[in-house]
Each structure stands twice: as C-alpha cells, then as structure tokens.
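Structure data follow from final36.tsv (TSV, C-alpha atoms and all ligand atoms):
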```tsv
chain	number	residue	atom	x	y	z
V	1	MET	CA	-223.05	-84.49	-56.90
V	2	TYR	CA	-221.95	-86.24	-60.10
V	3	LEU	CA	-218.96	-84.73	-61.91
V	4	GLN	CA	-217.36	-86.29	-64.95
V	5	ARG	CA	-214.12	-84.45	-64.31
V	6	ARG	CA	-212.59	-83.40	-60.99
V	7	ASN	CA	-209.62	-81.14	-61.55
V	8	ARG	CA	-208.60	-81.23	-57.89
V	9	ILE	CA	-207.50	-84.85	-58.30
V	10	LEU	CA	-204.25	-83.54	-59.76
V	11	ARG	CA	-203.71	-81.19	-56.82
V	12	GLN	CA	-204.41	-83.41	-53.83
V	13	SER	CA	-200.89	-84.12	-52.54
V	14	PRO	CA	-197.38	-82.70	-52.80
V	15	ALA	CA	-196.32	-85.82	-54.71
V	16	ILE	CA	-198.96	-85.62	-57.43
V	17	ARG	CA	-198.50	-81.85	-57.72
V	18	ALA	CA	-194.78	-82.37	-58.26
V	19	MET	CA	-195.47	-85.10	-60.82
V	20	VAL	CA	-197.68	-82.92	-62.99
V	21	ALA	CA	-195.92	-79.58	-62.54
V	22	GLU	CA	-195.46	-77.97	-65.95
V	23	THR	CA	-192.52	-75.80	-64.97
V	24	ALA	CA	-189.46	-76.83	-63.00
V	25	LEU	CA	-186.83	-74.37	-61.91
V	26	THR	CA	-183.28	-75.70	-61.62
V	27	ALA	CA	-179.81	-74.33	-60.96
V	28	ASN	CA	-179.12	-74.70	-64.69
V	29	ASP	CA	-181.61	-71.92	-65.43
V	30	LEU	CA	-179.94	-69.25	-63.34
V	31	ILE	CA	-177.31	-66.65	-64.19
V	32	VAL	CA	-175.70	-64.87	-61.24
V	33	PRO	CA	-174.96	-61.16	-61.64
V	34	LEU	CA	-171.86	-60.07	-59.69
V	35	PHE	CA	-170.72	-56.55	-58.81
V	36	ILE	CA	-166.95	-56.09	-58.63
V	37	ASP	CA	-164.88	-53.31	-57.10
V	38	GLU	CA	-161.18	-52.42	-56.83
V	39	GLY	CA	-159.23	-53.21	-53.68
V	40	LYS	CA	-158.68	-56.19	-51.42
V	41	GLY	CA	-161.06	-57.70	-48.91
V	42	VAL	CA	-163.81	-55.28	-49.97
V	43	GLU	CA	-167.33	-56.51	-49.27
V	44	PHE	CA	-169.87	-53.71	-49.46
V	45	GLU	CA	-173.56	-54.47	-49.02
V	46	ILE	CA	-175.61	-52.38	-51.43
V	47	PRO	CA	-178.08	-50.43	-49.28
V	48	SER	CA	-180.99	-50.71	-51.71
V	49	MET	CA	-180.19	-54.39	-52.36
V	50	PRO	CA	-179.80	-56.04	-48.95
V	51	GLY	CA	-177.99	-59.36	-49.21
V	52	THR	CA	-176.21	-58.34	-52.43
V	53	PHE	CA	-172.59	-57.26	-52.25
V	54	ARG	CA	-170.00	-55.43	-54.26
V	55	ARG	CA	-166.74	-57.29	-53.72
V	56	SER	CA	-163.10	-56.93	-54.71
V	57	ILE	CA	-161.64	-59.59	-57.00
V	58	ASP	CA	-160.41	-61.82	-54.13
V	59	GLY	CA	-163.85	-62.06	-52.55
V	60	THR	CA	-165.49	-62.44	-55.95
V	61	VAL	CA	-163.31	-65.46	-56.75
V	62	LYS	CA	-164.28	-67.03	-53.43
V	63	GLU	CA	-167.93	-66.40	-54.19
V	64	VAL	CA	-167.64	-67.91	-57.68
V	65	LYS	CA	-166.14	-71.09	-56.20
V	66	GLU	CA	-169.07	-71.31	-53.83
V	67	LEU	CA	-171.58	-70.70	-56.62
V	68	TRP	CA	-170.02	-73.47	-58.71
V	69	GLY	CA	-170.22	-75.79	-55.70
V	70	LEU	CA	-173.95	-75.06	-55.45
V	71	GLY	CA	-174.47	-76.11	-59.06
V	72	LEU	CA	-174.73	-72.63	-60.54
V	73	LYS	CA	-173.10	-72.48	-63.94
V	74	SER	CA	-172.82	-68.90	-65.06
V	75	VAL	CA	-171.97	-65.46	-63.76
V	76	LEU	CA	-172.61	-62.08	-65.35
V	77	LEU	CA	-169.98	-59.51	-64.42
V	78	PHE	CA	-170.44	-55.80	-63.71
V	79	ILE	CA	-167.67	-53.57	-62.44
V	80	LYS	CA	-167.59	-50.28	-60.58
V	81	CYS	CA	-165.19	-47.98	-62.37
V	82	LYS	CA	-163.21	-45.38	-60.41
V	83	ASP	CA	-164.43	-41.83	-61.05
V	84	GLU	CA	-161.02	-40.65	-62.26
V	85	LEU	CA	-161.05	-43.25	-65.05
V	86	LYS	CA	-164.43	-42.18	-66.41
V	87	ASP	CA	-164.65	-40.03	-69.54
V	88	ASN	CA	-166.91	-39.53	-72.54
V	89	THR	CA	-165.08	-42.08	-74.75
V	90	GLY	CA	-165.41	-44.87	-72.19
V	91	LYS	CA	-161.88	-45.99	-73.11
V	92	GLU	CA	-161.24	-47.62	-69.73
V	93	ALA	CA	-163.76	-50.23	-70.93
V	94	TRP	CA	-161.17	-51.82	-73.22
V	95	ASN	CA	-158.09	-51.35	-71.02
V	96	PRO	CA	-156.47	-54.83	-71.11
V	97	ASP	CA	-155.63	-54.40	-67.42
V	98	GLY	CA	-158.92	-52.83	-66.42
V	99	LEU	CA	-160.93	-54.15	-63.49
V	100	MET	CA	-163.24	-56.17	-65.75
V	101	GLN	CA	-160.39	-57.79	-67.63
V	102	ARG	CA	-158.52	-58.66	-64.40
V	103	SER	CA	-161.74	-60.07	-62.92
V	104	ILE	CA	-162.39	-62.28	-65.93
V	105	ARG	CA	-158.84	-63.67	-65.79
V	106	ALA	CA	-159.02	-64.34	-62.05
V	107	ILE	CA	-162.39	-66.11	-62.27
V	108	LYS	CA	-161.48	-68.24	-65.27
V	109	GLU	CA	-158.23	-69.24	-63.59
V	110	ALA	CA	-159.97	-70.25	-60.36
V	111	VAL	CA	-163.06	-71.94	-61.85
V	112	PRO	CA	-162.39	-72.61	-65.55
V	113	GLU	CA	-165.70	-74.39	-66.15
V	114	MET	CA	-167.80	-71.46	-64.93
V	115	VAL	CA	-169.48	-69.74	-67.88
V	116	VAL	CA	-168.32	-66.14	-67.62
V	117	MET	CA	-170.53	-63.50	-69.20
V	118	THR	CA	-169.71	-59.80	-69.21
V	119	ASP	CA	-171.85	-56.69	-69.38
V	120	VAL	CA	-171.04	-54.63	-72.47
V	121	ALA	CA	-172.18	-50.99	-72.29
V	122	LEU	CA	-170.36	-47.76	-71.54
V	123	ASP	CA	-172.39	-46.53	-68.55
V	124	PRO	CA	-170.02	-47.61	-65.75
V	125	TYR	CA	-167.17	-45.90	-67.64
V	126	SER	CA	-169.02	-42.82	-68.89
V	127	SER	CA	-168.59	-39.47	-67.17
V	128	PHE	CA	-172.21	-38.84	-68.24
V	129	GLY	CA	-173.50	-42.17	-66.91
V	130	HIS	CA	-174.92	-43.01	-70.33
V	131	ASP	CA	-174.55	-46.27	-72.21
V	132	GLY	CA	-172.96	-44.51	-75.16
V	133	ILE	CA	-170.82	-41.59	-76.26
V	134	VAL	CA	-172.46	-38.18	-75.88
V	135	GLU	CA	-172.23	-35.43	-78.50
V	136	GLN	CA	-174.21	-32.23	-77.97
V	137	GLY	CA	-176.52	-33.92	-75.52
V	138	GLU	CA	-177.20	-36.83	-77.85
V	139	ILE	CA	-176.15	-40.46	-77.33
V	140	VAL	CA	-174.55	-41.15	-80.72
V	141	ASN	CA	-175.10	-44.61	-82.14
V	142	ASP	CA	-172.33	-45.48	-84.56
V	143	PRO	CA	-169.28	-44.20	-82.61
V	144	THR	CA	-170.71	-46.05	-79.59
V	145	VAL	CA	-170.92	-49.30	-81.56
V	146	ASP	CA	-167.21	-48.94	-82.46
V	147	ALA	CA	-166.44	-48.56	-78.74
V	148	LEU	CA	-168.59	-51.58	-77.82
V	149	VAL	CA	-166.72	-53.70	-80.37
V	150	LYS	CA	-163.38	-52.78	-78.76
V	151	MET	CA	-164.82	-53.48	-75.32
V	152	SER	CA	-166.18	-56.89	-76.39
V	153	LEU	CA	-162.89	-57.93	-78.00
V	154	SER	CA	-160.97	-57.00	-74.87
V	155	HIS	CA	-163.32	-59.11	-72.71
V	156	VAL	CA	-162.86	-62.10	-74.98
V	157	ARG	CA	-159.06	-61.68	-74.98
V	158	ALA	CA	-159.22	-61.71	-71.17
V	159	GLY	CA	-161.10	-65.02	-71.32
V	160	ALA	CA	-164.82	-64.16	-71.29
V	161	ASP	CA	-167.00	-66.94	-72.69
V	162	TRP	CA	-169.92	-64.66	-73.50
V	163	VAL	CA	-170.50	-60.96	-73.94
V	164	ALA	CA	-173.84	-59.44	-73.02
V	165	PRO	CA	-174.40	-56.08	-74.73
V	166	SER	CA	-176.91	-54.16	-72.61
V	167	ASP	CA	-176.67	-50.78	-74.35
V	168	MET	CA	-179.51	-50.95	-76.93
V	169	MET	CA	-177.55	-49.24	-79.73
V	170	ASP	CA	-178.62	-50.24	-83.24
V	171	GLY	CA	-176.42	-52.71	-85.12
V	172	ARG	CA	-174.10	-53.59	-82.27
V	173	ILE	CA	-174.77	-57.33	-82.33
V	174	GLY	CA	-173.82	-57.59	-86.00
V	175	ALA	CA	-170.74	-55.45	-85.52
V	176	ILE	CA	-169.56	-57.49	-82.52
V	177	ARG	CA	-170.17	-60.80	-84.31
V	178	LYS	CA	-168.27	-59.58	-87.36
V	179	ALA	CA	-165.33	-58.52	-85.20
V	180	PHE	CA	-165.32	-61.90	-83.42
V	181	GLU	CA	-165.27	-63.73	-86.75
V	182	ALA	CA	-162.48	-61.51	-88.06
V	183	ALA	CA	-160.40	-62.24	-84.94
V	184	ASN	CA	-161.23	-65.96	-85.07
V	185	HIS	CA	-163.14	-65.87	-81.77
V	186	THR	CA	-165.44	-68.60	-83.02
V	187	ARG	CA	-166.47	-69.97	-79.61
V	188	THR	CA	-167.67	-66.77	-78.01
V	189	GLY	CA	-171.39	-66.36	-77.35
V	190	ILE	CA	-173.42	-63.18	-77.57
V	191	MET	CA	-176.34	-62.76	-75.18
V	192	ALA	CA	-178.13	-59.70	-76.53
V	193	TYR	CA	-180.21	-57.53	-74.28
V	194	SER	CA	-182.69	-57.32	-77.16
V	195	ALA	CA	-185.81	-55.96	-75.51
V	196	LYS	CA	-184.47	-53.75	-72.78
V	197	TYR	CA	-187.00	-51.23	-71.55
V	198	ALA	CA	-186.37	-47.79	-70.08
V	199	SER	CA	-187.39	-48.78	-66.57
V	200	CYS	CA	-187.52	-47.11	-63.19
V	201	PHE	CA	-186.74	-50.50	-61.68
V	202	TYR	CA	-183.02	-50.18	-62.50
V	203	GLY	CA	-182.61	-47.65	-59.68
V	204	PRO	CA	-180.89	-49.90	-57.11
V	205	PHE	CA	-178.45	-51.22	-59.76
V	206	ARG	CA	-177.35	-47.69	-60.57
V	207	ASP	CA	-176.73	-47.17	-56.83
V	208	ALA	CA	-174.62	-50.32	-56.80
V	209	LEU	CA	-172.31	-49.06	-59.54
V	210	ASP	CA	-172.78	-45.34	-59.13
V	211	SER	CA	-173.84	-45.26	-62.79
V	212	ALA	CA	-177.03	-43.18	-62.88
V	213	PRO	CA	-177.29	-40.94	-65.95
V	214	GLY	CA	-175.91	-37.48	-65.23
V	215	PHE	CA	-178.49	-35.79	-67.47
V	216	GLY	CA	-181.78	-36.84	-69.00
V	217	ASP	CA	-182.86	-40.46	-69.19
V	218	LYS	CA	-182.23	-43.51	-71.39
V	219	LYS	CA	-185.42	-43.27	-73.42
V	220	THR	CA	-183.74	-42.57	-76.78
V	221	TYR	CA	-182.11	-45.99	-76.71
V	222	GLN	CA	-183.97	-48.21	-74.23
V	223	MET	CA	-187.51	-49.23	-75.20
V	224	ASP	CA	-190.80	-47.59	-74.34
V	225	TYR	CA	-192.74	-49.76	-71.89
V	226	ALA	CA	-195.92	-49.17	-73.87
V	227	ASN	CA	-194.60	-51.38	-76.69
V	228	ARG	CA	-194.86	-55.10	-77.38
V	229	LYS	CA	-194.40	-55.66	-81.13
V	230	GLU	CA	-191.20	-53.65	-81.03
V	231	ALA	CA	-189.70	-56.25	-78.68
V	232	VAL	CA	-190.21	-58.94	-81.30
V	233	LYS	CA	-188.64	-56.73	-83.97
V	234	GLU	CA	-185.58	-56.14	-81.76
V	235	ALA	CA	-185.21	-59.82	-80.89
V	236	LEU	CA	-185.54	-61.02	-84.50
V	237	MET	CA	-183.00	-58.47	-85.68
V	238	ASP	CA	-180.53	-59.47	-83.00
V	239	VAL	CA	-180.90	-63.14	-83.94
V	240	ALA	CA	-180.34	-62.25	-87.59
V	241	GLU	CA	-177.24	-60.27	-86.60
V	242	GLY	CA	-175.79	-63.24	-84.71
V	243	ALA	CA	-177.14	-63.28	-81.14
V	244	ASP	CA	-177.02	-66.73	-79.53
V	245	ILE	CA	-179.41	-65.84	-76.70
V	246	VAL	CA	-181.85	-62.92	-76.61
V	247	MET	CA	-182.88	-61.23	-73.41
V	248	VAL	CA	-185.95	-59.43	-72.15
V	249	LYS	CA	-185.40	-56.97	-69.33
V	250	PRO	CA	-186.86	-56.25	-66.78
V	251	ALA	CA	-188.65	-59.55	-66.19
V	252	LEU	CA	-191.60	-59.30	-63.85
V	253	PRO	CA	-193.48	-56.32	-65.33
V	254	TYR	CA	-192.72	-57.78	-68.81
V	255	LEU	CA	-193.85	-61.42	-68.59
V	256	ASP	CA	-196.05	-60.88	-71.65
V	257	ILE	CA	-192.99	-59.75	-73.61
V	258	ILE	CA	-191.01	-62.81	-72.53
V	259	ARG	CA	-193.76	-65.05	-73.91
V	260	GLU	CA	-194.08	-63.03	-77.09
V	261	VAL	CA	-190.33	-63.20	-77.77
V	262	LYS	CA	-190.17	-66.89	-76.83
V	263	ASN	CA	-192.84	-67.67	-79.41
V	264	ALA	CA	-191.04	-65.65	-82.09
V	265	VAL	CA	-187.43	-66.83	-81.91
V	266	ASP	CA	-185.61	-70.13	-82.25
V	267	VAL	CA	-182.78	-69.31	-79.83
V	268	PRO	CA	-182.87	-69.54	-76.02
V	269	VAL	CA	-184.53	-66.60	-74.28
V	270	SER	CA	-183.22	-65.10	-71.07
V	271	ALA	CA	-184.90	-62.65	-68.72
V	272	TYR	CA	-183.30	-60.34	-66.18
V	273	ASN	CA	-184.99	-60.29	-62.78
V	274	ILE	CA	-183.52	-56.88	-62.10
V	275	SER	CA	-182.45	-54.90	-59.08
V	276	GLY	CA	-185.78	-53.14	-58.47
V	277	GLU	CA	-187.66	-56.44	-58.61
V	278	TYR	CA	-185.21	-57.80	-56.04
V	279	ALA	CA	-185.49	-54.72	-53.84
V	280	MET	CA	-189.29	-54.87	-53.76
V	281	ILE	CA	-189.32	-58.45	-52.48
V	282	LYS	CA	-186.59	-57.71	-49.95
V	283	ALA	CA	-188.40	-54.62	-48.67
V	284	ALA	CA	-191.79	-56.28	-48.32
V	285	ALA	CA	-190.20	-59.29	-46.61
V	286	ARG	CA	-188.37	-57.03	-44.17
V	287	MET	CA	-191.65	-55.38	-43.28
V	288	GLY	CA	-193.06	-58.83	-42.60
V	289	TRP	CA	-195.61	-58.41	-45.38
V	290	ILE	CA	-194.61	-61.37	-47.54
V	291	ASP	CA	-192.69	-64.62	-47.07
V	292	GLU	CA	-189.38	-63.99	-48.82
V	293	ASN	CA	-188.51	-67.59	-49.67
V	294	LYS	CA	-191.92	-68.30	-51.12
V	295	ALA	CA	-191.83	-65.04	-53.06
V	296	ILE	CA	-188.45	-65.94	-54.57
V	297	LEU	CA	-189.58	-69.32	-55.88
V	298	GLU	CA	-192.95	-68.05	-57.09
V	299	THR	CA	-191.32	-65.12	-58.90
V	300	LEU	CA	-188.60	-67.14	-60.60
V	301	THR	CA	-191.00	-69.92	-61.57
V	302	SER	CA	-193.38	-67.36	-63.09
V	303	ILE	CA	-190.56	-65.94	-65.22
V	304	LYS	CA	-189.65	-69.41	-66.43
V	305	ARG	CA	-193.32	-70.26	-67.05
V	306	ALA	CA	-193.64	-67.10	-69.14
V	307	GLY	CA	-190.98	-68.51	-71.47
V	308	ALA	CA	-187.55	-67.68	-70.11
V	309	ASP	CA	-185.03	-70.48	-70.58
V	310	LEU	CA	-182.54	-68.58	-68.43
V	311	ILE	CA	-182.99	-66.04	-65.64
V	312	ALA	CA	-180.38	-63.59	-64.42
V	313	THR	CA	-181.24	-62.99	-60.78
V	314	TYR	CA	-179.72	-61.72	-57.54
V	315	PHE	CA	-181.74	-64.46	-55.85
V	316	ALA	CA	-179.83	-67.27	-57.60
V	317	LYS	CA	-177.99	-68.49	-54.52
V	318	ASP	CA	-181.09	-68.34	-52.31
V	319	ALA	CA	-183.10	-70.12	-54.98
V	320	VAL	CA	-180.74	-73.10	-55.39
V	321	LYS	CA	-180.63	-73.54	-51.64
V	322	LEU	CA	-184.43	-73.48	-51.47
V	323	LEU	CA	-184.75	-75.89	-54.39
V	324	SER	CA	-182.44	-78.41	-52.77
V	325	HIS	CA	-184.73	-78.49	-49.72
V	326	PHE	CA	-187.78	-79.43	-51.72
N	401	LIG	C1	-176.27	-50.97	-67.91
N	401	LIG	C2	-177.11	-51.96	-67.22
N	401	LIG	C3	-178.19	-51.69	-66.37
N	401	LIG	C4	-178.60	-52.91	-65.85
N	401	LIG	C5	-177.79	-53.89	-66.42
N	401	LIG	N1	-176.89	-53.30	-67.28
N	401	LIG	C6	-178.79	-50.40	-65.94
N	401	LIG	C7	-179.22	-49.43	-66.93
N	401	LIG	O1	-179.45	-49.73	-68.11
N	401	LIG	O2	-179.34	-48.27	-66.53
N	401	LIG	C8	-179.70	-53.08	-64.85
N	401	LIG	C9	-179.65	-54.28	-63.99
N	401	LIG	C10	-180.52	-54.21	-62.79
N	401	LIG	O3	-181.25	-53.24	-62.54
N	401	LIG	O4	-180.48	-55.19	-62.02
N	401	LIG	N2	-176.23	-50.93	-69.26
```

What would the structure in this file look like if it were written as structure tokens?
Amino acid sequence: MYLQRRNRILRQSPAIRAMVAETALTANDLIVPLFIDEGKGVEFEIPSMPGTFRRSIDGTVKEVKELWGLGLKSVLLFIKCKDELKDNTGKEAWNPDGLMQRSIRAIKEAVPEMVVMTDVALDPYSSFGHDGIVEQGEIVNDPTVDALVKMSLSHVRAGADWVAPSDMMDGRIGAIRKAFEAANHTRTGIMAYSAKYASCFYGPFRDALDSAPGFGDKKTYQMDYANRKEAVKEALMDVAEGADIVMVKPALPYLDIIREVKNAVDVPVSAYNISGEYAMIKAAARMGWIDENKAILETLTSIKRAGADLIATYFAKDAVKLLSHF
C-alpha cells in the first residue's frame, strides 16, 4: 500500500509522542483548594471527597509547606464557619480575627512566596447558605456587593495576594477593584468566577463546608447550564471591571465554555475542576472501574487543552507526583 502521509509516524514511541505533544501539564498550572477548620490537630477526611481533608490552621500550614516543596505555587482558601457565627449579614466574613484572616496570616508567615487566593462569597457565613444577603426570599444584589467589598478588603489586610469572588453578583468585580484602588492595594489580583454555573456537581463541596442552601437553589445568580454566549458576556464584563484572571466553573462538563472564553479574552483563564468531578473519579476508581492515576492526568490535560491556563483541582498534589514520574 502506498501512502503519501502516515500519521502514525508521530505516535510510534513515547519519545516522539512527548516531543510533539501539544499540551503539557505542569505544577505551575495548578491551584490547590484547601478547606480550613477551627481547632488544633484537626484532620477530617470529607466523606464524599476521599483523600481530601478539612484541617485546622496548624495542619494547613504543614500542608502548604509540603505543597510548596512539590512545586505548587498557589492555594485557594475556603473556611468552615461555626454555626453560631452565621447570620444573614455574613459579617463574620470580614472579622479581622476570623478563621480566614488568621489562616491567611499563618500561611503567609510560614511560606511567604506561596500565592494565597481566597474565596469571596457569603455562603459559608450565611445562615441561609446562600452566597448573598436574603430579603423576603430573594438574594439581593447591591447590599451583597457592599458586603463582598468589606470581605475582600479584610482578606487583603490579612495578607491575601488574590481574592476570588465566587458569588456571581452583578458589579462586584468593579466594586472590589475600586475599593482596592481607594485603599492603595495596587498589587492585589482578582480572579473572577465569571462563568459559574448552577451545578449539581458542587454537592460534595457543600458537604465539606456544611454550606448547602437552606432554601431554594442558586439559579437566580449562578448561570443556566444551557447557555454559552452568556459566559462570554460575563467574562468580558469582568475583564472590563478589572478582573486579572477569569474563571469557568465547573470544568469538565463545560470544556466548550472554557474554549469559548479563552478565545474571547486577553487575560489568563482558569477552570475549577470541582468537588463532584473529583468525587466521580474517586468513586469509579474505588469500584475498580477506572485507573485513577490515568484518569487524573487525562482529565487535567483535557481541561488545559480546552484553554485553561490554570486549573483549581483537588488532584493537584497527586498530579504533580504523577508528572514527576513521567
Ligand atoms: C461558594 C463556592 C462553591 C464552590 C466554590 N465556592 C459552591 C457553591 O457555589 O455552592 C464549589 C467548589 C467545588 O464544588 O469544588 N461560593
């Protein structure tokens, strides 16, 4: 048989495949989400997220040192707020001595070079489990934005390098940027959860922080999964308002959105490989139905191939270990 072109030439050995690979995953691409709790010596494995822990500050600091040693460069912090501190204003979110603020200080003191990003949304602090303030059953936009601004400023005062607003209120990126400028916080980054969809795949995360909505759902602020153009609108608006990085979330069921946003913006794009995506791989691997390590690398590479410059993932530590073996 005579063939002018044989495509398999480029696939015939591990060496040539590595040479022509279009996408390479590295430790630089990964953001590590961390769940933090009050107490000392606390290390609680989240039942729906095996291998992921909620730790007190002491254990978190130890973990961050290890992550830095593995070449990982950023962490994204989430805290579990005590029930008695939750209310409808979310005011614990900007307590200068709150768990988040103490965590930021401890991490920056222990590993100053680590890029510390913080989740900005009211849900862990809300007695209703919603990302904003509730009035007559409605999640009200503008009062929530005022609260998010206070929350962001308090994170930066505690030493956060980046804030990551995950609430999907309108106008919050512009309001936060304006407040940073007014307070001369000119080095602080904003990673906007720009296209965040109302997804059932957040379930395990809400278990981890005990932050499930007490009534209704998040569909009046998070996006409808039927929509694609709307993601571009959200991302472009956030860039115009001052976002340094825009995020698409979840990642795996939204690879088309990642590509669409990547093509539309001139800032780095991140994607969040969320709790439900993690849980599915863990569950199938435990059943012996898929090879976990292979699934991790294939999944993360696919998210990067789709257009994500950065990936927040609970698999970060596993992934860097696997990459170093290749
Ligand atoms: C809260 C928040 C959520 C996640 C990150 N920030 C959950 C939600 O919006 O209900 C989800 C992360 C994950 O599932 O891994 N604003």

Around ligand LIG 401 (chain N), at most 8 Å away and counting all atoms listed in the file, which residues are there? Put them as an NGL selection string, please.
:V and (78 or 119-124 or 130-131 or 165-167 or 196 or 198 or 201-206 or 211-213 or 218 or 222 or 250 or 272-276 or 313-314)

Tell me, in Å to one decimal, how far CA of Asn293 in chain V is from CA of Gly41 in chain V.
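Answer for the CA of Asn293 in chain V to CA of Gly41 in chain V separation: 29.2 Å.
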
Near-Asn263 in chain V list (12 Å; only C-alpha atoms; drop same-chain fewer than 6 positions) as an NGL selection string:
:V and (231-232 or 235-236 or 256-257 or 269 or 306-308)

Put the listed atoms of range 11-16 of chain V in a box along x, y and z with 6 Å added on every side and give me the centre and edge lengths in Å to one decimal, as JSON.
```
{"center_x": -200.4, "center_y": -83.5, "center_z": -55.0, "size_x": 20.1, "size_y": 16.6, "size_z": 16.9}
```

Considering all atoms listed in the file, can you say which of V:Met114, V:Arg286, V:Ala279, V:Ala18 comes closest to Asp207 in chain V?
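Ranking V:Met114, V:Arg286, V:Ala279, V:Ala18 by distance to Asp207 in chain V, first place goes to V:Ala279.
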
Which protein, DNA or RNA residues have an atom at most 10 Å from (-165.0, -67.7, -79.6), counting all atoms listed in the file? List them as an NGL selection string.
:V and (156-157 or 159-162 or 177 or 180-181 or 183-190)

Which residue is closest to Phe44 in chain V? Choose from V:Ala192, V:Lys229, V:Ala208, V:Glu277 and count all atoms listed in the file.
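Ranked by minimum distance to Phe44 in chain V, first place goes to V:Ala208.
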
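Distance-wise, CA of Ile133 in chain V and CA of Met169 in chain V end up 10.8 Å apart.
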